>>> print(open('protein_19.tsv').read())   # TSV, C-alpha atoms
chain	number	residue	atom	x	y	z
S	1	MET	CA	-18.67	16.11	-5.58
S	2	SER	CA	-17.12	13.42	-7.77
S	3	LYS	CA	-18.41	9.89	-7.39
S	4	VAL	CA	-15.08	8.33	-8.28
S	5	SER	CA	-11.54	9.59	-7.63
S	6	PHE	CA	-8.04	8.15	-7.77
S	7	ARG	CA	-4.90	8.85	-5.73
S	8	CYS	CA	-1.76	7.35	-7.26
S	9	THR	CA	1.47	6.99	-5.30
S	10	MET	CA	4.69	6.05	-7.08
S	11	GLN	CA	8.33	5.58	-6.25
S	12	GLU	CA	10.33	8.68	-7.12
S	13	GLY	CA	11.85	8.72	-10.62
S	14	GLN	CA	9.92	5.74	-11.93
S	15	ILE	CA	7.17	7.33	-14.01
S	16	ASP	CA	7.67	10.54	-15.97
S	17	GLU	CA	5.18	13.36	-16.43
S	18	ALA	CA	4.06	12.36	-19.93
S	19	THR	CA	3.37	8.80	-18.78
S	20	ARG	CA	1.40	10.12	-15.80
S	21	GLU	CA	-0.88	12.02	-18.16
S	22	ARG	CA	-1.48	8.85	-20.15
S	23	LEU	CA	-2.13	6.88	-16.96
S	24	ALA	CA	-4.60	9.50	-15.73
S	25	ASP	CA	-6.43	9.34	-19.04
S	26	GLY	CA	-6.33	5.55	-18.86
S	27	LEU	CA	-7.86	5.56	-15.38
S	28	ARG	CA	-10.67	7.80	-16.60
S	29	GLN	CA	-11.35	5.66	-19.67
S	30	VAL	CA	-11.36	2.38	-17.72
S	31	THR	CA	-13.70	3.90	-15.14
S	32	LYS	CA	-15.99	5.22	-17.85
S	33	GLY	CA	-16.11	1.77	-19.43
S	34	VAL	CA	-16.89	-0.07	-16.20
S	35	LEU	CA	-18.93	2.43	-14.21
S	36	GLY	CA	-20.17	4.79	-16.90
S	37	GLU	CA	-18.74	7.84	-15.20
S	38	SER	CA	-17.90	10.88	-17.31
S	39	PRO	CA	-14.10	11.19	-17.57
S	40	ASP	CA	-14.40	14.91	-16.81
S	41	ASP	CA	-15.77	14.06	-13.37
S	42	ILE	CA	-12.93	11.77	-12.24
S	43	PRO	CA	-10.15	13.52	-10.33
S	44	VAL	CA	-6.74	11.82	-10.49
S	45	SER	CA	-3.80	12.90	-8.34
S	46	PHE	CA	-0.19	11.71	-8.27
S	47	SER	CA	2.43	11.82	-5.55
S	48	ASP	CA	5.92	10.39	-5.18
S	49	ILE	CA	7.56	8.43	-2.40
S	50	PRO	CA	11.14	9.79	-2.23
S	51	SER	CA	13.93	7.39	-3.08
S	52	GLY	CA	14.95	5.45	0.03
S	53	PHE	CA	11.61	5.98	1.75
S	54	GLY	CA	9.57	3.13	0.26
S	55	PHE	CA	10.08	-0.58	0.92
S	56	ARG	CA	8.33	-3.79	-0.04
S	57	GLY	CA	9.15	-7.13	1.54
S	58	GLY	CA	11.93	-5.38	3.45
S	59	GLU	CA	13.67	-4.22	0.25
S	60	PRO	CA	13.53	-0.95	-1.72
S	61	SER	CA	10.21	-0.80	-3.50
S	62	THR	CA	9.43	-0.29	-7.19
S	63	THR	CA	5.70	-0.63	-6.61
S	64	SER	CA	3.03	1.89	-7.58
S	65	LEU	CA	-0.16	2.20	-5.56
S	66	VAL	CA	-3.45	3.20	-7.14
S	67	ASN	CA	-6.12	4.00	-4.59
S	68	GLY	CA	-9.60	4.42	-5.98
S	69	SER	CA	-12.57	5.72	-4.05
S	70	ILE	CA	-16.06	4.86	-5.27
S	71	GLY	CA	-18.99	6.85	-3.95
S	72	GLY	CA	-22.11	4.80	-3.36
S	73	GLY	CA	-20.26	1.51	-3.60
S	74	VAL	CA	-20.45	-1.24	-6.21
S	75	THR	CA	-20.85	-5.01	-6.31
S	76	GLN	CA	-17.72	-7.13	-5.92
S	77	ASP	CA	-17.94	-8.29	-9.54
S	78	VAL	CA	-17.92	-4.69	-10.76
S	79	ARG	CA	-15.12	-3.80	-8.34
S	80	GLU	CA	-12.97	-6.65	-9.66
S	81	GLU	CA	-13.69	-5.69	-13.26
S	82	LEU	CA	-12.57	-2.13	-12.48
S	83	MET	CA	-9.40	-3.21	-10.65
S	84	ARG	CA	-8.44	-5.68	-13.37
S	85	GLY	CA	-9.02	-3.10	-16.08
S	86	ILE	CA	-6.81	-0.65	-14.21
S	87	CYS	CA	-4.10	-3.29	-13.73
S	88	ASP	CA	-4.04	-4.15	-17.44
S	89	MET	CA	-4.04	-0.50	-18.50
S	90	TRP	CA	-1.32	0.50	-16.01
S	91	MET	CA	1.02	-2.33	-16.99
S	92	GLU	CA	0.57	-1.58	-20.69
S	93	ILE	CA	1.27	2.15	-20.37
S	94	SER	CA	3.95	2.14	-17.65
S	95	GLY	CA	5.67	-1.10	-18.58
S	96	CYS	CA	5.62	-2.31	-14.98
S	97	THR	CA	5.07	-5.95	-14.06
S	98	VAL	CA	2.01	-7.29	-12.28
S	99	ASP	CA	4.12	-7.50	-9.11
S	100	GLU	CA	4.85	-3.77	-9.21
S	101	LEU	CA	1.28	-2.58	-8.83
S	102	VAL	CA	-1.32	-2.50	-6.08
S	103	VAL	CA	-4.82	-1.34	-6.99
S	104	SER	CA	-7.61	-0.71	-4.54
S	105	ALA	CA	-11.20	0.30	-5.19
S	106	ARG	CA	-12.79	1.27	-1.92
S	107	ASP	CA	-16.31	2.35	-1.11
S	108	ALA	CA	-16.20	6.04	-0.27
U	1	MET	CA	-1.40	-4.82	1.89
U	2	PRO	CA	-0.39	-4.54	4.66
U	3	PHE	CA	0.68	-0.95	4.33
U	4	TYR	CA	2.65	0.63	7.16
U	5	ARG	CA	3.20	4.39	6.96
U	6	CYS	CA	5.69	5.79	9.44
U	7	VAL	CA	5.18	9.52	9.91
U	8	VAL	CA	8.48	10.97	11.11
U	9	PRO	CA	9.98	14.46	11.53
U	10	LYS	CA	12.25	15.62	8.72
U	11	ASP	CA	15.77	14.13	8.79
U	12	SER	CA	15.03	12.22	11.99
U	13	VAL	CA	15.47	8.66	10.68
U	14	SER	CA	18.50	7.68	8.56
U	15	TYR	CA	18.34	5.44	5.50
U	16	ASP	CA	19.97	2.58	7.40
U	17	GLN	CA	17.39	2.91	10.15
U	18	ARG	CA	14.54	3.07	7.63
U	19	ALA	CA	15.82	-0.07	5.90
U	20	ALA	CA	16.18	-1.85	9.24
U	21	VAL	CA	12.65	-0.84	10.31
U	22	ALA	CA	11.24	-2.03	6.97
U	23	LYS	CA	12.92	-5.41	7.35
U	24	ALA	CA	11.83	-5.72	10.98
U	25	PHE	CA	8.23	-4.80	10.14
U	26	THR	CA	8.21	-7.40	7.36
U	27	ASP	CA	9.62	-10.07	9.70
U	28	ILE	CA	7.12	-9.19	12.42
U	29	HIS	CA	4.08	-8.96	10.19
U	30	CYS	CA	4.81	-12.24	8.45
U	31	GLY	CA	5.71	-13.92	11.74
U	32	ASN	CA	2.47	-12.83	13.38
U	33	THR	CA	0.11	-13.39	10.47
U	34	GLY	CA	1.77	-15.83	8.06
U	35	ALA	CA	1.36	-13.37	5.18
U	36	PRO	CA	3.83	-13.51	2.26
U	37	ARG	CA	6.78	-11.12	2.62
U	38	SER	CA	6.35	-9.42	-0.75
U	39	PHE	CA	2.94	-8.11	0.28
U	40	VAL	CA	4.35	-6.01	3.16
U	41	HIS	CA	4.74	-2.32	2.27
U	42	VAL	CA	6.55	0.14	4.54
U	43	VAL	CA	6.75	3.84	3.72
U	44	PHE	CA	8.36	6.68	5.64
U	45	ASP	CA	6.68	10.05	5.34
U	46	GLU	CA	8.28	13.27	6.54
U	47	ALA	CA	4.88	14.92	6.44
U	48	ASP	CA	3.50	17.70	8.58
U	49	ASP	CA	0.64	15.54	9.75
U	50	ARG	CA	-0.67	16.49	13.15
U	51	TRP	CA	-0.69	13.41	15.31
U	52	GLU	CA	-0.55	13.17	19.08
U	53	THR	CA	3.17	12.36	18.98
U	54	PRO	CA	6.06	13.48	16.69
U	55	PHE	CA	6.46	9.92	15.40
U	56	PHE	CA	3.38	7.96	14.34
U	57	LEU	CA	2.73	4.53	12.84
U	58	ASP	CA	-0.34	4.49	10.60
U	59	GLY	CA	-0.94	0.92	9.52
U	60	GLY	CA	-3.54	-0.52	7.16
U	61	ASN	CA	-4.30	-4.24	7.15
U	62	ARG	CA	-6.82	-6.70	5.83
U	63	ALA	CA	-9.80	-6.99	8.15
U	64	GLY	CA	-10.62	-10.26	9.87
U	65	ARG	CA	-7.89	-10.98	12.40
U	66	SER	CA	-8.53	-11.40	16.10
U	67	GLU	CA	-8.12	-8.50	18.51
U	68	GLU	CA	-5.33	-10.46	20.20
U	69	VAL	CA	-3.35	-10.81	16.97
U	70	LYS	CA	-3.89	-7.16	16.08
U	71	ALA	CA	-2.78	-5.91	19.51
U	72	GLU	CA	0.30	-8.13	19.53
U	73	LEU	CA	1.20	-7.04	16.01
U	74	LEU	CA	0.98	-3.33	16.82
U	75	ASN	CA	2.95	-3.76	20.02
U	76	ASP	CA	5.72	-5.72	18.27
U	77	LEU	CA	5.96	-3.21	15.42
U	78	MET	CA	6.17	-0.24	17.74
U	79	SER	CA	8.76	-1.93	19.93
U	80	ALA	CA	10.95	-2.66	16.91
U	81	PHE	CA	10.65	0.90	15.64
U	82	ARG	CA	11.69	2.34	19.00
U	83	GLU	CA	14.55	-0.13	19.35
U	84	ILE	CA	15.97	0.66	15.92
U	85	THR	CA	15.49	4.42	15.93
U	86	GLY	CA	15.98	5.18	19.62
U	87	VAL	CA	12.76	7.19	19.69
U	88	ALA	CA	11.34	7.59	23.19
U	89	GLU	CA	8.11	5.78	24.03
U	90	ALA	CA	6.40	9.09	24.80
U	91	ASP	CA	7.20	10.41	21.32
U	92	PHE	CA	5.71	7.49	19.38
U	93	SER	CA	2.17	6.26	18.95
U	94	GLY	CA	0.32	4.25	16.36
U	95	ARG	CA	-2.76	2.51	15.12
U	96	ILE	CA	-3.77	-0.18	12.67
U	97	THR	CA	-6.93	0.34	10.68
U	98	GLU	CA	-8.53	-2.36	8.58
U	99	GLY	CA	-10.40	-2.73	5.32
U	100	PRO	CA	-11.94	-5.59	3.36
U	101	ALA	CA	-9.33	-7.66	1.56
U	102	SER	CA	-11.62	-7.84	-1.47
U	103	TRP	CA	-11.18	-4.12	-2.11
U	104	THR	CA	-7.53	-4.59	-3.12
U	105	MET	CA	-5.80	-6.32	-6.04
U	106	GLU	CA	-2.11	-7.11	-5.69
U	107	GLY	CA	0.04	-9.22	-7.96
U	108	GLY	CA	-2.95	-9.39	-10.28
U	109	MET	CA	-5.07	-11.19	-7.67
U	110	VAL	CA	-7.80	-9.96	-5.37
U	111	LEU	CA	-6.44	-10.32	-1.85
U	112	PRO	CA	-7.84	-13.25	0.11
U	113	GLU	CA	-9.46	-12.77	3.49
U	114	PRO	CA	-7.16	-13.64	6.42
U	115	GLY	CA	-7.29	-17.41	6.91
U	116	GLU	CA	-8.53	-18.02	3.36
U	117	GLU	CA	-5.16	-17.78	1.61
U	118	THR	CA	-4.60	-20.41	-1.06
U	119	ALA	CA	-1.43	-22.23	-2.05
U	120	GLU	CA	-1.53	-20.24	-5.30
U	121	TRP	CA	-1.19	-17.01	-3.33
U	122	TYR	CA	1.93	-18.21	-1.51
U	123	GLU	CA	3.33	-19.65	-4.72
U	124	HIS	CA	2.94	-16.24	-6.34
U	125	ASP	CA	4.96	-14.71	-3.51
U	126	LEU	CA	7.78	-17.18	-4.00
U	127	GLN	CA	7.83	-16.44	-7.73
U	128	GLY	CA	8.00	-12.72	-7.01
U	129	GLN	CA	10.92	-13.18	-4.64
U	130	ALA	CA	12.75	-15.35	-7.13
U	131	ALA	CA	12.24	-12.77	-9.88
U	132	ALA	CA	13.62	-10.10	-7.55
U	133	GLY	CA	16.61	-12.27	-6.74
U	134	GLY	CA	15.43	-12.78	-3.17
>>> encode(input="protein_19.tsv", output="structure tokens")
Amino acid sequence: MSKVSFRCTMQEGQIDEATRERLADGLRQVTKGVLGESPDDIPVSFSDIPSGFGFRGGEPSTTSLVNGSIGGGVTQDVREELMRGICDMWMEISGCTVDELVVSARDA
Amino acid sequence: MPFYRCVVPKDSVSYDQRAAVAKAFTDIHCGNTGAPRSFVHVVFDEADDRWETPFFLDGGNRAGRSEEVKAELLNDLMSAFREITGVAEADFSGRITEGPASWTMEGGMVLPEPGEETAEWYEHDLQGQAAAGG
């Protein structure tokens, strides 16, 4: 069973397939750099929230959600390093702003 | 965070109703907790999840609030949902689960624990609303 996995949820039509592949690779590389996990052992899944079904602050949402699960847990410093690395990578590849991304790294 | 997922049967809730529920949930959450509006996420999911009722509210919040606040929040949210959608009380149930705030980064900042929010956090929310034209 994988120690680390990611489930990414995006608003429909916002991120194309090619960009998703780059984001998945980015998630694996950031995780390898912070946690030392082999990229081959990090499952990444994507799903869409249909248009008109996602809201933020009471308005239609443009936010992506990246939910990470970390088996065995990590210190808070390592967790923050991982989340910040994911934020930076995601914004660079997707072109979203810092306000359009929520990243979590939960103990499994 | 918070993240409110409304599981609903297919084609049972119109866009106008979804938008009204999202606004009501944001008003209620912020009114009960003082959290910034831009941190409130509401999603509708026409999934085939098996819950005890056809309509289900699955909420996720930062841990650390009192049982009284949590109970009042859930009650207010569910009342608003029923009022807007017309769903019968018997067909709707819900829960709010909690997790450590420190496990989530939003707006480039690790979320503060409830009651430990800084002025910077609220300022960030105002900037986000201004950027969005709100």
>>> interface_residues(input="protein_19.tsv", of="chain U", to="chain S", cutoff="7 Å", atoms="only C-alpha atoms", output="JSON list (two decimals) with C-alpha atoms, in the coordinates of the input")
[["chain", "number", "residue", "atom", "x", "y", "z"],
["U", 15, "TYR", "CA", 18.34, 5.44, 5.50],
["U", 22, "ALA", "CA", 11.24, -2.03, 6.97],
["U", 23, "LYS", "CA", 12.92, -5.41, 7.35],
["U", 26, "THR", "CA", 8.21, -7.40, 7.36],
["U", 37, "ARG", "CA", 6.78, -11.12, 2.62],
["U", 38, "SER", "CA", 6.35, -9.42, -0.75],
["U", 39, "PHE", "CA", 2.94, -8.11, 0.28],
["U", 40, "VAL", "CA", 4.35, -6.01, 3.16],
["U", 41, "HIS", "CA", 4.74, -2.32, 2.27],
["U", 42, "VAL", "CA", 6.55, 0.14, 4.54],
["U", 43, "VAL", "CA", 6.75, 3.84, 3.72],
["U", 44, "PHE", "CA", 8.36, 6.68, 5.64],
["U", 103, "TRP", "CA", -11.18, -4.12, -2.11],
["U", 104, "THR", "CA", -7.53, -4.59, -3.12],
["U", 105, "MET", "CA", -5.80, -6.32, -6.04],
["U", 106, "GLU", "CA", -2.11, -7.11, -5.69],
["U", 107, "GLY", "CA", 0.04, -9.22, -7.96],
["U", 108, "GLY", "CA", -2.95, -9.39, -10.28],
["U", 128, "GLY", "CA", 8.00, -12.72, -7.01]]
>>> closest_residue(input="protein_19.tsv", among="U:Arg5, U:Arg18, U:Arg50, U:Arg62", to="U:Glu117", atoms="all atoms listed in the file")
U:Arg62
>>> residues_around(input="protein_19.tsv", residues="U:Arg82", least_positions_apart="2", cutoff="12 Å", atoms="only C-alpha atoms", output="list of chain:residue names")
U:Cys6, U:Val13, U:Gln17, U:Arg18, U:Ala20, U:Val21, U:Ala24, U:Phe25, U:Phe55, U:Phe56, U:Leu57, U:Asn75, U:Asp76, U:Leu77, U:Met78, U:Ser79, U:Ala80, U:Ile84, U:Thr85, U:Gly86, U:Val87, U:Ala88, U:Glu89, U:Ala90, U:Asp91, U:Phe92, U:Ser93, U:Gly94
>>> residues_around(input="protein_19.tsv", residues="S:Gly71", least_positions_apart="5", cutoff="9 Å", atoms="only C-alpha atoms", output="PyMOL selection string")
chain S and resi 2-5+106-108
>>> write_last_selection(input="protein_19.tsv", atoms="C-alpha atoms", output="short mmCIF file (atom, residue, chain, number, x, y, z; two decimals), keeping the file's coordinate frame")
data_model
loop_
_atom_site.label_atom_id
_atom_site.label_comp_id
_atom_site.auth_asym_id
_atom_site.auth_seq_id
_atom_site.Cartn_x
_atom_site.Cartn_y
_atom_site.Cartn_z
CA SER S 2 -17.12 13.42 -7.77
CA LYS S 3 -18.41 9.89 -7.39
CA VAL S 4 -15.08 8.33 -8.28
CA SER S 5 -11.54 9.59 -7.63
CA ARG S 106 -12.79 1.27 -1.92
CA ASP S 107 -16.31 2.35 -1.11
CA ALA S 108 -16.20 6.04 -0.27
#
>>> residues_near_point(input="protein_19.tsv", point="(-2.1, 12.1, -16.9)", cutoff="12 Å", atoms="only C-alpha atoms", output="short mmCIF file (atom, residue, chain, number, x, y, z; two decimals) with C-alpha atoms, keeping the file's coordinate frame")
data_model
loop_
_atom_site.label_atom_id
_atom_site.label_comp_id
_atom_site.auth_asym_id
_atom_site.auth_seq_id
_atom_site.Cartn_x
_atom_site.Cartn_y
_atom_site.Cartn_z
CA PHE S 6 -8.04 8.15 -7.77
CA ARG S 7 -4.90 8.85 -5.73
CA CYS S 8 -1.76 7.35 -7.26
CA ILE S 15 7.17 7.33 -14.01
CA ASP S 16 7.67 10.54 -15.97
CA GLU S 17 5.18 13.36 -16.43
CA ALA S 18 4.06 12.36 -19.93
CA THR S 19 3.37 8.80 -18.78
CA ARG S 20 1.40 10.12 -15.80
CA GLU S 21 -0.88 12.02 -18.16
CA ARG S 22 -1.48 8.85 -20.15
CA LEU S 23 -2.13 6.88 -16.96
CA ALA S 24 -4.60 9.50 -15.73
CA ASP S 25 -6.43 9.34 -19.04
CA GLY S 26 -6.33 5.55 -18.86
CA LEU S 27 -7.86 5.56 -15.38
CA ARG S 28 -10.67 7.80 -16.60
CA GLN S 29 -11.35 5.66 -19.67
CA ILE S 42 -12.93 11.77 -12.24
CA PRO S 43 -10.15 13.52 -10.33
CA VAL S 44 -6.74 11.82 -10.49
CA SER S 45 -3.80 12.90 -8.34
CA PHE S 46 -0.19 11.71 -8.27
CA TRP S 90 -1.32 0.50 -16.01
CA ILE S 93 1.27 2.15 -20.37
CA SER S 94 3.95 2.14 -17.65
#
>>> atom_distance(input="protein_19.tsv", atom1="atom CA of U:His29", atom2="atom CA of S:Gln14")
27.2 Å
>>> closest_residue(input="protein_19.tsv", among="U:Leu111, U:Ala35, U:Ala119, U:Met1", to="U:Glu98", atoms="all atoms listed in the file")
U:Met1
>>> closest_residue(input="protein_19.tsv", among="S:Lys32, S:Leu82, S:Asp41, S:Ser47", to="S:Ser64", atoms="only C-alpha atoms")
S:Ser47
>>> axis_aligned_box(input="protein_19.tsv", around="stretch 82-101 of chain U", padding_each_side="4 Å", output="AutoDock Vina command-line options")
--center_x 2.0 --center_y 1.4 --center_z 13.2 --size_x 35.9 --size_y 26.1 --size_z 31.2
>>> atom_distance(input="protein_19.tsv", atom1="atom CA of U:Glu113", atom2="atom CA of U:Ala101")
5.5 Å
>>> atom_distance(input="protein_19.tsv", atom1="atom CA of U:Ile28", atom2="atom CA of U:Asn61")
13.5 Å
